[in-house]
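Student: Please read through the structure below; I'll follow up with questions.
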Amino acid sequence: MTIKTTSPLTFGKTVDTRKSMIIWLSSAFLSKFKTWQKTFRKSRIDRAAIKSLLKLSDKELRDIGISRADIFWASRLHEIKTLRLNYKKLREKTVIKRAKNYETFKHTEI
């Protein structure tokens, strides 16, 4: 199927919609893959750092001013941050929803 578009990207040319959909899907997949790859590399580096810290003796850890519990705590920080962000987003959605409901209720006559 071909259509004439007015998009600034196609400059009004006739475009095959199947091709444009395939290009869009492949770019979306590539973007998600790059994000996943970046996250995977970061987590691999973090795990390596944690492993190297756990290999140290208790005396060496005391010398640098941390304990084993601090290592485990720090390794969970990204999970805590993710939970907080998800809670914040959920809270914002709830507040917006309540405000819309209030506006609707306020304008209805009893």
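Chain labels follow the order of the structure tokens: the first chain is A, the next B, and so on; residue numbering restarts at 1 in every chain, and ligands are counted from 1 in their shown order.
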At a cut-off of 9 Å, using only C-alpha atoms, what residues contact Ile50 of chain A? Leave out same-chain residues fewer than 4 positions from it and give the result as an NGL selection string.
Tutor: :A and (45-46 or 54-55 or 71-72 or 74-75)
Student: Please, what distance in Å, to one decimal, runs between atom CA of Lys97 of chain A and atom CA of Glu79 of chain A?
Tutor: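 Those two atoms sit 27.0 Å apart.
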Student: Pull the helix (DSSP H, G or I) assignments for segment 8-58 of chain A out of DSSP run on the backbone, and list those residues as a PyMOL selection string.
Tutor: chain A and resi 17-54+58
Student: Using N, CA and C atoms, can you write the selected residues to a file as a short mmCIF file (atom, residue, chain, number, x, y, z; two decimals), in the first residue's frame?
Tutor:
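As a result, again_12.cif now contains:
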```cif
data_model
loop_
_atom_site.label_atom_id
_atom_site.label_comp_id
_atom_site.auth_asym_id
_atom_site.auth_seq_id
_atom_site.Cartn_x
_atom_site.Cartn_y
_atom_site.Cartn_z
N THR A 17 3.85 2.21 2.89
CA THR A 17 3.61 2.18 4.33
C THR A 17 4.20 0.94 4.99
N ARG A 18 4.26 -0.18 4.27
CA ARG A 18 4.87 -1.38 4.85
C ARG A 18 6.35 -1.16 5.12
N LYS A 19 7.01 -0.53 4.17
CA LYS A 19 8.45 -0.26 4.35
C LYS A 19 8.67 0.71 5.52
N SER A 20 7.85 1.74 5.58
CA SER A 20 8.02 2.71 6.66
C SER A 20 7.73 2.07 8.01
N MET A 21 6.75 1.16 8.08
CA MET A 21 6.45 0.46 9.32
C MET A 21 7.60 -0.45 9.71
N ILE A 22 8.18 -1.14 8.75
CA ILE A 22 9.32 -2.01 9.03
C ILE A 22 10.50 -1.18 9.53
N ILE A 23 10.74 -0.06 8.92
CA ILE A 23 11.84 0.82 9.35
C ILE A 23 11.57 1.32 10.76
N TRP A 24 10.33 1.73 11.04
CA TRP A 24 9.99 2.22 12.37
C TRP A 24 10.16 1.13 13.42
N LEU A 25 9.66 -0.08 13.13
CA LEU A 25 9.79 -1.19 14.08
C LEU A 25 11.24 -1.58 14.31
N SER A 26 12.02 -1.59 13.25
CA SER A 26 13.43 -1.96 13.42
C SER A 26 14.18 -0.90 14.22
N SER A 27 13.87 0.36 14.02
CA SER A 27 14.54 1.40 14.80
C SER A 27 14.11 1.34 16.26
N ALA A 28 12.83 1.03 16.52
CA ALA A 28 12.36 0.89 17.90
C ALA A 28 13.03 -0.30 18.58
N PHE A 29 13.14 -1.41 17.86
CA PHE A 29 13.81 -2.60 18.42
C PHE A 29 15.28 -2.30 18.69
N LEU A 30 15.93 -1.63 17.76
CA LEU A 30 17.34 -1.30 17.93
C LEU A 30 17.55 -0.39 19.12
N SER A 31 16.67 0.56 19.31
CA SER A 31 16.76 1.47 20.45
C SER A 31 16.61 0.70 21.76
N LYS A 32 15.62 -0.21 21.84
CA LYS A 32 15.43 -1.02 23.05
C LYS A 32 16.63 -1.92 23.29
N PHE A 33 17.17 -2.49 22.22
CA PHE A 33 18.33 -3.37 22.35
C PHE A 33 19.54 -2.62 22.88
N LYS A 34 19.76 -1.41 22.38
CA LYS A 34 20.89 -0.60 22.85
C LYS A 34 20.73 -0.25 24.32
N THR A 35 19.49 0.06 24.75
CA THR A 35 19.23 0.37 26.15
C THR A 35 19.51 -0.85 27.02
N TRP A 36 19.03 -2.02 26.57
CA TRP A 36 19.27 -3.25 27.30
C TRP A 36 20.77 -3.55 27.40
N GLN A 37 21.47 -3.38 26.29
CA GLN A 37 22.90 -3.66 26.26
C GLN A 37 23.66 -2.73 27.22
N LYS A 38 23.29 -1.47 27.25
CA LYS A 38 23.93 -0.51 28.15
C LYS A 38 23.68 -0.90 29.61
N THR A 39 22.44 -1.27 29.92
CA THR A 39 22.09 -1.69 31.27
C THR A 39 22.84 -2.96 31.66
N PHE A 40 22.93 -3.91 30.74
CA PHE A 40 23.62 -5.17 31.01
C PHE A 40 25.10 -4.92 31.28
N ARG A 41 25.73 -4.06 30.48
CA ARG A 41 27.16 -3.76 30.70
C ARG A 41 27.38 -3.09 32.05
N LYS A 42 26.51 -2.16 32.40
CA LYS A 42 26.64 -1.47 33.68
C LYS A 42 26.48 -2.45 34.84
N SER A 43 25.50 -3.33 34.75
CA SER A 43 25.29 -4.29 35.83
C SER A 43 26.45 -5.27 35.92
N ARG A 44 27.05 -5.62 34.80
CA ARG A 44 28.21 -6.52 34.82
C ARG A 44 29.40 -5.85 35.49
N ILE A 45 29.60 -4.58 35.22
CA ILE A 45 30.68 -3.83 35.87
C ILE A 45 30.43 -3.72 37.37
N ASP A 46 29.16 -3.44 37.73
CA ASP A 46 28.81 -3.35 39.16
C ASP A 46 29.05 -4.68 39.88
N ARG A 47 28.64 -5.79 39.24
CA ARG A 47 28.85 -7.10 39.86
C ARG A 47 30.33 -7.40 40.04
N ALA A 48 31.14 -7.01 39.07
CA ALA A 48 32.58 -7.23 39.18
C ALA A 48 33.17 -6.43 40.34
N ALA A 49 32.70 -5.20 40.51
CA ALA A 49 33.18 -4.37 41.62
C ALA A 49 32.78 -4.97 42.96
N ILE A 50 31.56 -5.47 43.04
CA ILE A 50 31.10 -6.08 44.29
C ILE A 50 31.90 -7.34 44.59
N LYS A 51 32.15 -8.16 43.56
CA LYS A 51 32.94 -9.37 43.77
C LYS A 51 34.34 -9.05 44.27
N SER A 52 34.95 -8.01 43.68
CA SER A 52 36.30 -7.66 44.11
C SER A 52 36.32 -7.15 45.55
N LEU A 53 35.28 -6.42 45.95
CA LEU A 53 35.20 -5.96 47.34
C LEU A 53 34.95 -7.13 48.30
N LEU A 54 34.14 -8.08 47.88
CA LEU A 54 33.87 -9.23 48.75
C LEU A 54 35.08 -10.14 48.92
N ASP A 58 38.31 -8.93 56.15
CA ASP A 58 37.64 -7.97 57.04
C ASP A 58 38.58 -6.85 57.46
#
```
Student: So how many Å separate atom CA of Ile96 of chain A and atom CA of Thr82 of chain A, to one decimal?
Tutor: 21.3 Å
